[in-house]
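The structure file structure-v8.txt is reproduced below (compact mmCIF, C-alpha atoms and all ligand atoms).
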```
# COMPACT_ATOMS: atom_id res chain seq x y z
CA MET A 10 -62.71 -68.90 -39.15
CA ALA A 11 -64.00 -65.31 -39.26
CA GLU A 12 -67.01 -66.42 -37.25
CA LEU A 13 -64.74 -67.92 -34.58
CA LEU A 14 -62.88 -64.65 -34.22
CA GLU A 15 -66.09 -62.83 -33.52
CA THR A 16 -67.65 -65.21 -31.03
CA GLY A 17 -64.73 -67.17 -29.68
CA LEU A 18 -64.38 -70.79 -28.65
CA LEU A 19 -67.37 -70.71 -26.31
CA GLY A 20 -70.17 -72.21 -28.37
CA LEU A 21 -68.02 -74.80 -30.17
CA ASP A 22 -69.10 -78.36 -29.50
CA PHE A 23 -66.76 -81.27 -28.97
CA GLN A 24 -66.57 -82.13 -32.67
CA GLU A 25 -65.73 -78.56 -33.62
CA LEU A 26 -63.04 -78.37 -30.95
CA THR A 27 -61.67 -81.67 -32.25
CA ALA A 28 -61.46 -80.20 -35.75
CA LEU A 29 -59.67 -77.11 -34.39
CA VAL A 30 -57.15 -79.22 -32.50
CA GLN A 31 -56.51 -81.41 -35.55
CA ARG A 32 -56.00 -78.38 -37.77
CA HIS A 33 -53.15 -77.37 -35.47
CA GLY A 34 -51.61 -80.85 -35.47
CA GLN A 35 -52.29 -81.28 -31.77
CA PRO A 36 -53.12 -84.62 -30.16
CA GLN A 37 -56.80 -85.59 -29.93
CA TYR A 38 -56.98 -85.32 -26.14
CA ARG A 39 -56.47 -81.55 -26.32
CA ALA A 40 -60.06 -81.26 -27.54
CA ARG A 41 -61.29 -82.90 -24.36
CA GLN A 42 -59.07 -80.57 -22.28
CA LEU A 43 -60.46 -77.52 -24.04
CA PHE A 44 -64.07 -78.75 -23.76
CA HIS A 45 -63.62 -79.47 -20.05
CA ALA A 46 -62.10 -76.04 -19.37
CA ILE A 47 -64.67 -74.09 -21.39
CA TYR A 48 -67.86 -75.80 -20.14
CA PRO A 49 -67.78 -77.65 -16.79
CA GLN A 50 -64.96 -75.44 -15.44
CA ARG A 51 -66.27 -72.24 -17.07
CA VAL A 52 -62.74 -70.86 -17.48
CA LYS A 53 -62.68 -67.27 -18.73
CA SER A 54 -59.41 -67.20 -20.66
CA LEU A 55 -57.17 -69.72 -22.44
CA ARG A 56 -54.32 -68.43 -20.25
CA ASP A 57 -56.06 -69.99 -17.24
CA ILE A 58 -55.98 -73.50 -18.70
CA SER A 59 -52.90 -74.87 -16.99
CA THR A 60 -52.81 -78.07 -19.03
CA LEU A 61 -52.48 -76.23 -22.34
CA PRO A 62 -48.88 -76.16 -23.66
CA LYS A 63 -47.47 -72.65 -24.09
CA SER A 64 -46.71 -73.23 -27.76
CA PHE A 65 -50.34 -74.16 -28.63
CA LEU A 66 -51.62 -71.25 -26.53
CA ALA A 67 -49.37 -68.89 -28.49
CA VAL A 68 -50.67 -70.16 -31.83
CA LEU A 69 -54.28 -69.76 -30.75
CA GLN A 70 -53.60 -66.26 -29.49
CA GLU A 71 -51.84 -65.37 -32.71
CA GLU A 72 -55.02 -66.30 -34.56
CA GLY A 73 -56.96 -64.07 -32.18
CA LEU A 74 -58.82 -67.02 -30.67
CA GLU A 75 -60.13 -66.74 -27.13
CA ILE A 76 -62.98 -68.22 -25.10
CA ARG A 77 -64.94 -64.93 -24.98
CA GLN A 78 -67.56 -65.12 -22.27
CA PRO A 79 -69.98 -62.18 -22.27
CA GLN A 80 -68.90 -59.23 -20.10
CA ILE A 81 -71.08 -57.95 -17.28
CA GLU A 82 -71.67 -54.35 -18.25
CA ARG A 83 -74.15 -53.38 -15.52
CA LYS A 84 -75.70 -55.18 -12.59
CA PHE A 85 -78.96 -54.16 -10.91
CA GLN A 86 -79.92 -55.68 -7.58
CA SER A 87 -83.55 -55.84 -6.52
CA GLN A 88 -84.84 -55.74 -2.95
CA ASP A 89 -86.09 -59.31 -3.31
CA GLY A 90 -82.63 -60.60 -4.24
CA THR A 91 -83.21 -60.71 -7.98
CA ILE A 92 -80.23 -59.50 -10.00
CA ARG A 93 -80.55 -58.19 -13.53
CA TYR A 94 -77.37 -58.35 -15.57
CA LEU A 95 -76.73 -56.32 -18.68
CA MET A 96 -74.36 -58.52 -20.66
CA ALA A 97 -72.18 -57.27 -23.50
CA MET A 98 -71.46 -59.71 -26.31
CA PRO A 99 -68.13 -59.69 -28.20
CA ASP A 100 -69.57 -57.32 -30.85
CA GLY A 101 -70.87 -54.90 -28.22
CA GLU A 102 -74.58 -55.82 -28.47
CA THR A 103 -76.17 -56.25 -25.06
CA VAL A 104 -78.85 -58.53 -23.67
CA GLU A 105 -80.23 -59.09 -20.21
CA THR A 106 -79.95 -62.15 -18.01
CA VAL A 107 -81.71 -62.45 -14.67
CA TRP A 108 -80.76 -64.33 -11.52
CA MET A 109 -83.63 -65.19 -9.19
CA PRO A 110 -82.23 -66.71 -5.99
CA GLU A 111 -85.44 -68.44 -4.98
CA GLY A 112 -86.85 -69.42 -8.33
CA ASP A 113 -89.89 -67.62 -9.59
CA GLY A 114 -92.33 -68.79 -6.94
CA GLY A 115 -95.93 -69.76 -7.40
CA GLU A 116 -95.16 -73.36 -8.23
CA VAL A 117 -93.37 -76.24 -6.67
CA ALA A 118 -92.32 -77.72 -10.03
CA ASP A 119 -90.04 -80.64 -9.33
CA GLY A 120 -87.90 -78.71 -6.86
CA SER A 121 -87.24 -81.55 -4.50
CA GLU A 122 -84.02 -79.89 -3.35
CA ALA A 123 -85.77 -76.67 -2.52
CA GLY A 124 -85.71 -75.42 1.01
CA ASP A 125 -82.51 -76.91 2.39
CA ASN A 126 -80.85 -73.82 3.81
CA GLY A 127 -80.90 -71.96 0.56
CA TRP A 128 -79.10 -74.71 -1.34
CA GLY A 129 -80.87 -76.16 -4.29
CA ARG A 130 -82.77 -73.07 -5.33
CA GLY A 131 -82.37 -70.41 -7.87
CA THR A 132 -83.30 -69.78 -11.46
CA ILE A 133 -81.41 -68.15 -14.30
CA CYS A 134 -83.54 -66.47 -16.97
CA VAL A 135 -81.69 -66.42 -20.29
CA SER A 136 -82.14 -64.36 -23.48
CA SER A 137 -82.14 -65.95 -26.93
CA GLN A 138 -82.11 -62.91 -29.23
CA VAL A 139 -81.12 -59.24 -29.07
CA GLY A 140 -84.65 -57.82 -28.88
CA CYS A 141 -87.64 -59.66 -30.33
CA ALA A 142 -89.60 -59.52 -33.58
CA VAL A 143 -92.83 -61.07 -32.34
CA ASN A 144 -94.38 -57.79 -31.21
CA CYS A 145 -96.67 -58.91 -28.39
CA GLN A 146 -98.50 -55.77 -27.35
CA PHE A 147 -97.94 -56.20 -23.59
CA CYS A 148 -94.19 -56.86 -23.76
CA LEU A 149 -91.43 -54.29 -23.30
CA THR A 150 -88.87 -56.34 -25.23
CA ALA A 151 -91.13 -56.07 -28.26
CA LEU A 152 -90.57 -52.32 -28.34
CA LEU A 153 -86.92 -52.94 -29.24
CA GLY A 154 -87.62 -54.90 -32.40
CA VAL A 155 -85.08 -57.63 -33.15
CA LYS A 156 -81.43 -56.69 -33.67
CA ARG A 157 -80.01 -60.15 -34.25
CA ASN A 158 -80.02 -63.76 -33.11
CA LEU A 159 -77.69 -64.82 -30.35
CA GLN A 160 -75.20 -67.54 -31.18
CA ALA A 161 -75.10 -70.74 -29.11
CA GLY A 162 -71.99 -69.55 -27.25
CA GLU A 163 -73.68 -66.29 -26.34
CA ILE A 164 -76.61 -68.19 -24.84
CA VAL A 165 -74.39 -70.60 -22.90
CA GLY A 166 -72.15 -67.67 -21.99
CA GLN A 167 -74.95 -65.89 -20.13
CA VAL A 168 -75.34 -68.95 -17.90
CA ALA A 169 -71.59 -69.39 -17.38
CA THR A 170 -71.17 -65.72 -16.51
CA VAL A 171 -73.99 -65.71 -13.93
CA LEU A 172 -72.73 -68.97 -12.38
CA ASN A 173 -69.23 -67.49 -12.07
CA ASP A 174 -70.49 -64.18 -10.72
CA ARG A 175 -72.63 -65.96 -8.09
CA GLY A 176 -69.89 -68.47 -7.33
CA VAL A 177 -72.23 -71.38 -7.95
CA ASP A 178 -71.02 -74.95 -7.52
CA LEU A 179 -73.39 -77.02 -9.66
CA GLU A 180 -72.46 -80.19 -7.78
CA ARG A 181 -74.01 -78.77 -4.61
CA GLN A 182 -76.58 -76.35 -5.93
CA HIS A 183 -79.31 -77.49 -8.27
CA LEU A 184 -80.55 -74.55 -10.28
CA ASN A 185 -83.14 -74.07 -13.00
CA ILE A 186 -82.77 -72.36 -16.34
CA VAL A 187 -85.68 -70.70 -18.05
CA PHE A 188 -85.35 -69.46 -21.63
CA MET A 189 -87.74 -66.61 -20.97
CA GLY A 190 -85.55 -63.54 -21.35
CA MET A 191 -85.36 -61.34 -24.41
CA GLY A 192 -86.31 -62.93 -27.71
CA GLU A 193 -88.27 -65.84 -29.14
CA PRO A 194 -86.12 -68.98 -28.78
CA PHE A 195 -87.98 -70.84 -31.54
CA LEU A 196 -87.12 -68.11 -34.06
CA ASN A 197 -83.45 -68.84 -33.30
CA TYR A 198 -83.97 -72.57 -33.17
CA PRO A 199 -80.63 -74.15 -34.25
CA SER A 200 -78.51 -71.92 -31.99
CA PHE A 201 -80.95 -72.30 -29.11
CA MET A 202 -80.86 -76.11 -29.39
CA LYS A 203 -77.07 -76.16 -29.71
CA ALA A 204 -76.89 -74.08 -26.52
CA VAL A 205 -79.18 -76.57 -24.76
CA ARG A 206 -76.90 -79.47 -25.71
CA LEU A 207 -73.79 -77.60 -24.53
CA LEU A 208 -75.51 -76.78 -21.23
CA VAL A 209 -76.48 -80.41 -20.70
CA GLU A 210 -73.39 -82.19 -22.01
CA GLY A 211 -70.87 -79.48 -21.17
CA VAL A 212 -71.83 -77.20 -18.30
CA GLY A 213 -73.72 -79.97 -16.51
CA PHE A 214 -77.35 -78.86 -16.27
CA PRO A 215 -79.95 -81.66 -16.40
CA GLU A 216 -82.49 -81.10 -19.17
CA SER A 217 -85.26 -81.64 -16.62
CA ARG A 218 -84.27 -78.38 -14.95
CA MET A 219 -84.70 -76.26 -18.03
CA THR A 220 -87.85 -74.76 -19.50
CA VAL A 221 -88.22 -72.94 -22.80
CA SER A 222 -91.11 -70.60 -23.45
CA THR A 223 -92.43 -69.92 -26.93
CA SER A 224 -95.01 -67.47 -28.16
CA GLY A 225 -96.34 -70.26 -30.38
CA ILE A 226 -94.13 -70.93 -33.41
CA ALA A 227 -96.16 -74.05 -34.21
CA PRO A 228 -93.84 -75.82 -36.70
CA ARG A 229 -90.90 -75.58 -34.29
CA ILE A 230 -93.01 -77.15 -31.51
CA TYR A 231 -93.18 -80.34 -33.63
CA ASP A 232 -89.39 -80.21 -34.23
CA PHE A 233 -88.79 -79.65 -30.54
CA GLY A 234 -90.86 -82.70 -29.64
CA ASN A 235 -88.51 -84.82 -31.73
CA GLU A 236 -85.32 -83.66 -30.00
CA PRO A 237 -83.52 -86.39 -28.03
CA ILE A 238 -82.34 -83.79 -25.49
CA ARG A 239 -84.75 -80.99 -24.72
CA PRO A 240 -85.98 -78.69 -21.95
CA LYS A 241 -89.60 -78.69 -20.82
CA LEU A 242 -92.06 -76.72 -22.93
CA ALA A 243 -94.03 -73.63 -21.95
CA ILE A 244 -96.43 -71.94 -24.36
CA SER A 245 -97.41 -68.30 -23.95
CA LEU A 246 -101.12 -68.64 -24.60
CA ASN A 247 -102.28 -65.36 -23.04
CA ALA A 248 -105.77 -65.56 -24.55
CA SER A 249 -108.60 -68.03 -24.81
CA ASN A 250 -109.87 -67.18 -28.29
CA ASP A 251 -108.43 -66.03 -31.63
CA GLU A 252 -110.05 -62.62 -31.52
CA VAL A 253 -108.31 -61.58 -28.29
CA ARG A 254 -105.11 -63.42 -29.06
CA SER A 255 -104.63 -61.82 -32.47
CA ARG A 256 -105.17 -58.43 -30.87
CA ILE A 257 -102.50 -58.84 -28.20
CA MET A 258 -100.18 -61.28 -30.05
CA PRO A 259 -100.07 -60.56 -33.80
CA ILE A 260 -98.20 -63.87 -34.31
CA ASN A 261 -101.61 -65.51 -33.82
CA LYS A 262 -102.54 -64.42 -37.35
CA LYS A 263 -99.79 -66.69 -38.65
CA TRP A 264 -100.35 -69.64 -36.29
CA ASP A 265 -103.82 -69.43 -34.79
CA LEU A 266 -105.14 -71.29 -31.77
CA THR A 267 -106.26 -74.26 -33.87
CA SER A 268 -102.76 -74.87 -35.24
CA LEU A 269 -101.07 -74.01 -31.94
CA MET A 270 -103.29 -76.29 -29.85
CA HIS A 271 -102.86 -79.07 -32.41
CA ALA A 272 -99.10 -78.80 -31.91
CA ALA A 273 -99.58 -78.79 -28.14
CA ARG A 274 -101.86 -81.84 -28.25
CA SER A 275 -99.41 -83.77 -30.41
CA PHE A 276 -96.45 -82.92 -28.21
CA PRO A 277 -94.81 -86.11 -26.91
CA LEU A 278 -94.55 -85.65 -23.15
CA ARG A 279 -92.09 -87.64 -21.07
CA ASN A 280 -92.94 -89.47 -17.88
CA ARG A 281 -94.70 -87.14 -15.44
CA GLU A 282 -93.97 -84.15 -17.67
CA ARG A 283 -96.55 -81.42 -18.25
CA ILE A 284 -96.80 -78.58 -20.72
CA THR A 285 -96.97 -75.19 -19.04
CA PHE A 286 -99.40 -72.66 -20.46
CA GLU A 287 -98.56 -69.08 -19.55
CA TYR A 288 -101.36 -66.57 -19.40
CA VAL A 289 -100.57 -62.90 -18.83
CA VAL A 290 -103.71 -61.42 -17.28
CA LEU A 291 -104.68 -58.03 -18.71
CA ARG A 292 -107.43 -56.06 -17.02
CA GLY A 293 -110.63 -55.91 -19.06
CA VAL A 294 -109.02 -57.81 -21.95
CA ASN A 295 -108.69 -61.48 -21.00
CA ASP A 296 -109.54 -61.58 -17.29
CA GLU A 297 -113.25 -62.55 -17.32
CA LEU A 298 -114.51 -65.83 -15.91
CA SER A 299 -115.91 -66.61 -19.36
CA HIS A 300 -112.29 -66.46 -20.59
CA ALA A 301 -111.30 -68.91 -17.88
CA ARG A 302 -114.01 -71.34 -19.03
CA GLU A 303 -112.91 -70.91 -22.65
CA LEU A 304 -109.31 -71.57 -21.65
CA LEU A 305 -110.44 -74.71 -19.86
CA GLU A 306 -111.98 -76.05 -23.07
CA LEU A 307 -108.80 -75.25 -25.01
CA VAL A 308 -106.50 -77.21 -22.70
CA ARG A 309 -108.91 -80.00 -21.72
CA GLY A 310 -107.28 -83.40 -22.07
CA ILE A 311 -103.72 -82.05 -22.26
CA ARG A 312 -101.40 -83.00 -19.40
CA CYS A 313 -100.59 -79.43 -18.42
CA LYS A 314 -100.46 -76.72 -15.83
CA VAL A 315 -101.32 -73.06 -16.14
CA ASN A 316 -99.28 -70.13 -14.85
CA LEU A 317 -101.27 -66.95 -14.45
CA ILE A 318 -99.02 -63.90 -14.61
CA ALA A 319 -100.50 -60.55 -13.65
CA LEU A 320 -99.32 -57.94 -16.12
CA ASN A 321 -96.02 -56.31 -15.24
CA PRO A 322 -96.71 -52.79 -16.41
CA GLY A 323 -94.18 -50.57 -18.10
CA PRO A 324 -93.79 -47.35 -20.04
CA GLY A 325 -95.47 -47.60 -23.45
CA ILE A 326 -97.56 -50.67 -22.50
CA PRO A 327 -101.26 -49.87 -23.11
CA PHE A 328 -102.72 -52.35 -20.59
CA ALA A 329 -103.62 -52.32 -16.90
CA ILE A 330 -102.97 -54.71 -14.02
CA PRO A 331 -105.93 -57.00 -13.23
CA THR A 332 -107.51 -57.06 -9.78
CA ASP A 333 -106.25 -59.73 -7.38
CA ARG A 334 -109.81 -60.89 -6.86
CA LEU A 335 -110.46 -61.61 -10.53
CA VAL A 336 -107.13 -63.41 -10.91
CA ARG A 337 -107.99 -65.65 -7.94
CA GLU A 338 -111.47 -66.37 -9.31
CA PHE A 339 -109.95 -67.11 -12.71
CA GLN A 340 -107.60 -69.53 -10.99
CA SER A 341 -110.49 -71.23 -9.13
CA VAL A 342 -112.34 -72.02 -12.35
CA LEU A 343 -109.34 -73.92 -13.64
CA VAL A 344 -108.38 -75.57 -10.34
CA GLN A 345 -111.92 -76.82 -9.80
CA ALA A 346 -111.78 -78.48 -13.19
CA GLY A 347 -108.60 -80.26 -12.15
CA ILE A 348 -106.02 -78.09 -13.94
CA PRO A 349 -103.09 -77.20 -11.65
CA THR A 350 -103.01 -73.41 -11.88
CA PHE A 351 -100.53 -71.08 -10.20
CA ILE A 352 -100.38 -67.35 -9.79
CA ARG A 353 -96.84 -66.24 -10.45
CA ARG A 354 -95.31 -63.75 -8.12
CA PRO A 355 -93.51 -61.00 -10.02
CA ARG A 356 -89.83 -60.90 -9.17
CA GLY A 357 -87.57 -57.90 -9.31
CA ARG A 358 -90.35 -55.58 -10.37
CA ASP A 359 -88.48 -52.62 -8.89
CA ILE A 360 -85.58 -53.12 -11.31
CA TYR A 361 -87.60 -54.06 -14.40
CA ALA A 362 -86.39 -57.65 -14.25
CA ALA A 363 -89.82 -59.24 -14.12
CA CYS A 364 -91.34 -61.08 -17.07
CA GLY A 365 -91.73 -58.95 -20.15
CA GLN A 366 -89.76 -56.11 -18.66
CA LEU A 367 -86.38 -57.03 -20.01
CA LYS A 368 -85.49 -54.07 -22.07
CA ARG A 369 -82.29 -52.24 -22.58
CA THR A 370 -82.76 -49.34 -20.28
CA VAL A 371 -79.08 -48.41 -20.57
CA ALA A 372 -77.34 -48.03 -23.89
N1 LIG A 401 -90.59 -64.97 -26.19
C1 LIG A 401 -90.94 -66.07 -25.40
C2 LIG A 401 -90.14 -66.15 -24.11
C3 LIG A 401 -89.90 -64.84 -23.37
S1 LIG A 401 -91.28 -64.00 -22.72
C4 LIG A 401 -92.42 -66.05 -25.09
O1 LIG A 401 -93.07 -65.05 -25.35
O2 LIG A 401 -92.92 -67.06 -24.62
C5 LIG A 401 -91.60 -64.84 -21.20
C6 LIG A 401 -93.02 -64.69 -20.67
O3 LIG A 401 -93.27 -63.36 -20.23
C7 LIG A 401 -94.09 -64.99 -21.71
O4 LIG A 401 -94.98 -65.95 -21.23
C8 LIG A 401 -94.78 -63.66 -21.91
O5 LIG A 401 -96.13 -63.87 -22.23
C9 LIG A 401 -94.58 -62.99 -20.57
N2 LIG A 401 -94.70 -61.55 -20.61
C10 LIG A 401 -94.33 -60.71 -21.60
N3 LIG A 401 -94.60 -59.44 -21.28
C11 LIG A 401 -95.17 -59.45 -20.05
C12 LIG A 401 -95.66 -58.44 -19.17
N4 LIG A 401 -95.61 -57.15 -19.49
N5 LIG A 401 -96.16 -58.82 -17.99
C13 LIG A 401 -96.17 -60.12 -17.62
N6 LIG A 401 -95.71 -61.12 -18.41
C14 LIG A 401 -95.22 -60.80 -19.62
FE1 LIG A 402 -91.13 -61.60 -27.91
FE2 LIG A 402 -91.97 -63.16 -25.89
FE3 LIG A 402 -92.04 -60.47 -25.68
FE4 LIG A 402 -93.72 -61.75 -27.31
S1 LIG A 402 -93.65 -61.93 -25.06
S2 LIG A 402 -92.55 -59.91 -27.82
S3 LIG A 402 -92.45 -63.39 -28.07
S4 LIG A 402 -90.23 -61.74 -25.87
```

Any chance you could put this one into structure tokens?
Amino acid sequence: MAELLETGLLGLDFQELTALVQRHGQPQYRARQLFHAIYPQRVKSLRDISTLPKSFLAVLQEEGLEIRQPQIERKFQSQDGTIRYLMAMPDGETVETVWMPEGDGGEVADGSEAGDNGWGRGTICVSSQVGCAVNCQFCLTALLGVKRNLQAGEIVGQVATVLNDRGVDLERQHLNIVFMGMGEPFLNYPSFMKAVRLLVEGVGFPESRMTVSTSGIAPRIYDFGNEPIRPKLAISLNASNDEVRSRIMPINKKWDLTSLMHAARSFPLRNRERITFEYVVLRGVNDELSHARELLELVRGIRCKVNLIALNPGPGIPFAIPTDRLVREFQSVLVQAGIPTFIRRPRGRDIYAACGQLKRTVA
């Protein structure tokens, strides 16, 4: 139970809560009460669960057990409404979680609810690790290295904390979750997937409103395709050939474009689903029209869309922002060949909340 003490009850699934309840000789239905309070109701403390008998509460407290949502340590508000949260985990490590009130723009996705007086919009960008080990050369998170994996409860906890802070009622407001914060979700696969299941079965997010982005951990893409419950898949391609990709994403030396694109081609898509390919455009590195044509050949035949993301610059990042004109021409090459291609608007650039800028700027 040492692990429980550290991370708390948030992150336990229904079976684990059932085992806990049984260990204390409590009736079976207490597990359902706990599950309901922790996930759909997003209760912060056991004391706030009115249905829990005082005696059971006392025993749990004696053991040092609590729910333990992450604490909001700092909050930075951008002019465009984006909020960057610095969240402290029970052991004091911090990660960042971002709230984007209008989604991330540049694409309609399946946002049928979008536009009705502000209801039905909004995206939460969630971290999966403290730092990241993948070392992409254009990414600020990479400069941190990886401190540790987040546990399932710490991933779900970021969502619960933002929902509570924003006062979101999920019955009325249909939000999206993107696993695109700090870390590589597929290098923390079991905890990431457990978090997904708790978000779907517990908190009440439909899987169709979640997207996970990977830098290309090919073997996990096959595993992910076999999951009965899973978010949509985005792959950070960022280059159209191995030479450029290995230079800006060293992970490409382990899983090159041949193995990555094989995984993408084999990926079992659901009805009307598409893979998203992300492509961070770096001036003079991957922004030529010849790169666009190469990219076209790579993705040809895959039901997909492409998101072009102009580099979000930052201190210590040795690349420059591309020109708007080249990005638009790059987009045209793909669009004319029938590939839906969007230029993503950077959000919260003024507070370093945009893609690739999540970095602990405060200790
Ligand atoms: N680690 C995962 C998910 C988080 S990164 C991954 O890499 O896919 C989310 C997205 O931000 C990725 O597509 C990544 O390529 C992009 N990104 C990273 N640094 C960036 C930067 N400086 N400017 C713009 N996009 C960046
Ligand atoms: Fe890690 Fe993604 Fe940043 Fe690459 S882009 S270093 S995988 S967080």

Give me the residues within 8 Å of region 293-301 of chain A as a compact mmCIF listing (two decimals) with C-alpha atoms, keeping the file's coordinate frame, counting all atoms listed in the file and dropping any in the same chain fewer than 4 places off.
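The file below, around_18.txt, is the result:
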```
# COMPACT_ATOMS: atom_id res chain seq x y z
CA ASN A 247 -102.28 -65.36 -23.04
CA ALA A 248 -105.77 -65.56 -24.55
CA SER A 249 -108.60 -68.03 -24.81
CA VAL A 253 -108.31 -61.58 -28.29
CA LEU A 305 -110.44 -74.71 -19.86
CA PRO A 331 -105.93 -57.00 -13.23
CA LEU A 335 -110.46 -61.61 -10.53
CA VAL A 336 -107.13 -63.41 -10.91
CA GLU A 338 -111.47 -66.37 -9.31
CA PHE A 339 -109.95 -67.11 -12.71
CA GLN A 340 -107.60 -69.53 -10.99
CA VAL A 342 -112.34 -72.02 -12.35
CA LEU A 343 -109.34 -73.92 -13.64
```

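Atom pair CA of Val135 (chain A) / CA of Ala273 (chain A): separated by 23.1 Å.
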
key: Contact residues around Val221 (chain A) with only C-alpha atoms at 8 Å, ignoring same-chain residues under 6 positions, as a ChimeraX atom specification   = /A:187-189,194,240-243

request  = May I ask you to write as JSON, numbers by chain all residues lying at most 9 Å from ligand LIG 401 (chain A), with all atoms listed in the file counted?
outcome  = {"A": [135, 136, 137, 141, 143, 145, 146, 147, 148, 149, 150, 151, 187, 188, 189, 190, 191, 192, 193, 194, 195, 221, 222, 223, 224, 225, 243, 244, 245, 246, 247, 286, 287, 288, 289, 290, 291, 316, 317, 318, 319, 320, 321, 322, 323, 326, 328, 330, 355, 363, 364, 365, 366, 367]}

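Using only C-alpha atoms and all ligand atoms, the nearest neighbour of ligand LIG 402 (chain A) within the list A:Glu180, A:Glu72, A:Glu105, A:Glu210 is A:Glu105.
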
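Here the selection is built from all atoms listed in the file, and the residues within 12 Å of (-70.5, -78.2, -10.1) turn out to be Tyr48, Pro49, Gln50, Arg51, Ala169, Leu172, Asn173, Gly176, Val177, Asp178, Leu179, Glu180, Arg181, Gln182, His183, Leu184, Gly211, Val212, Gly213, Phe214 and Pro215 of chain A.
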
ask   = Which of these residues is nearest to Pro228 (chain A), using all atoms listed in the file: A:Val30, A:Ala272, A:Ser341, A:Met258?
value =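 Closest to Pro228 (chain A) of all the choices is A:Ala272.
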
Long-range neighbours of region 74-84 of chain A as number ranges by chain, 6 Å cut-off, all atoms listed in the file, 3 positions minimum in chain = A: 14, 17-19, 54, 69-70, 93-98, 166

So which residues touch Asp251 (chain A) within 12 Å, counting only C-alpha atoms, skipping near sequence neighbours fewer than 5 positions away, as a tab-separated table (two decimals) with C-alpha atoms, keeping the file's coordinate frame?
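The resulting file, result26.tsv, is reproduced below:
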```tsv
chain	number	residue	atom	x	y	z
A	246	LEU	CA	-101.12	-68.64	-24.60
A	256	ARG	CA	-105.17	-58.43	-30.87
A	257	ILE	CA	-102.50	-58.84	-28.20
A	258	MET	CA	-100.18	-61.28	-30.05
A	259	PRO	CA	-100.07	-60.56	-33.80
A	260	ILE	CA	-98.20	-63.87	-34.31
A	261	ASN	CA	-101.61	-65.51	-33.82
A	262	LYS	CA	-102.54	-64.42	-37.35
A	263	LYS	CA	-99.79	-66.69	-38.65
A	264	TRP	CA	-100.35	-69.64	-36.29
A	265	ASP	CA	-103.82	-69.43	-34.79
A	266	LEU	CA	-105.14	-71.29	-31.77
A	267	THR	CA	-106.26	-74.26	-33.87
A	268	SER	CA	-102.76	-74.87	-35.24
A	269	LEU	CA	-101.07	-74.01	-31.94
A	270	MET	CA	-103.29	-76.29	-29.85
A	295	ASN	CA	-108.69	-61.48	-21.00
A	300	HIS	CA	-112.29	-66.46	-20.59
A	303	GLU	CA	-112.91	-70.91	-22.65
A	304	LEU	CA	-109.31	-71.57	-21.65
A	307	LEU	CA	-108.80	-75.25	-25.01
```

request  = Select, from A:Leu207, A:Cys313, A:Ile238, A:Ser87, the residue with the minimum atom-to-atom distance to Gln24 (chain A), counting all atoms listed in the file.
outcome  =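 Among the listed residues, the smallest separation from Gln24 (chain A) belongs to A:Leu207.
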
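The spacing separating CA of Arg32 (chain A) from CA of Phe201 (chain A) amounts to 27.1 Å.
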
inquiry  = So that I can see what lies close to Ser275 (chain A), please list as number ranges by chain the residues with an atom at most 12 Å from it, counting only C-alpha atoms and leaving out residues fewer than 5 positions away in the same chain.
reply    = A: 227-228, 230-235, 268-270, 284, 310-312

key: Minimum-distance residue to Lys314 (chain A), chosen among A:Ala329, A:Ile133, A:Ile360, A:Ile348 (using only C-alpha atoms)   =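 Closest to Lys314 (chain A) of all the choices is A:Ile348.
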
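Closest approach to ligand LIG 402 (chain A) among A:Gly131, A:Gly154, A:Pro110, A:Pro99: A:Gly154, based on only C-alpha atoms and all ligand atoms.
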
message = What does the structure give for the distance between CA of His33 (chain A) and CA of Val165 (chain A), in Å to one decimal?
response = 25.6 Å

request  = Using all atoms listed in the file, find the one residue out of A:Ala67, A:Ile92, A:Ile47, A:Leu21 that sits nearest to Trp108 (chain A).
outcome  = A:Ile92
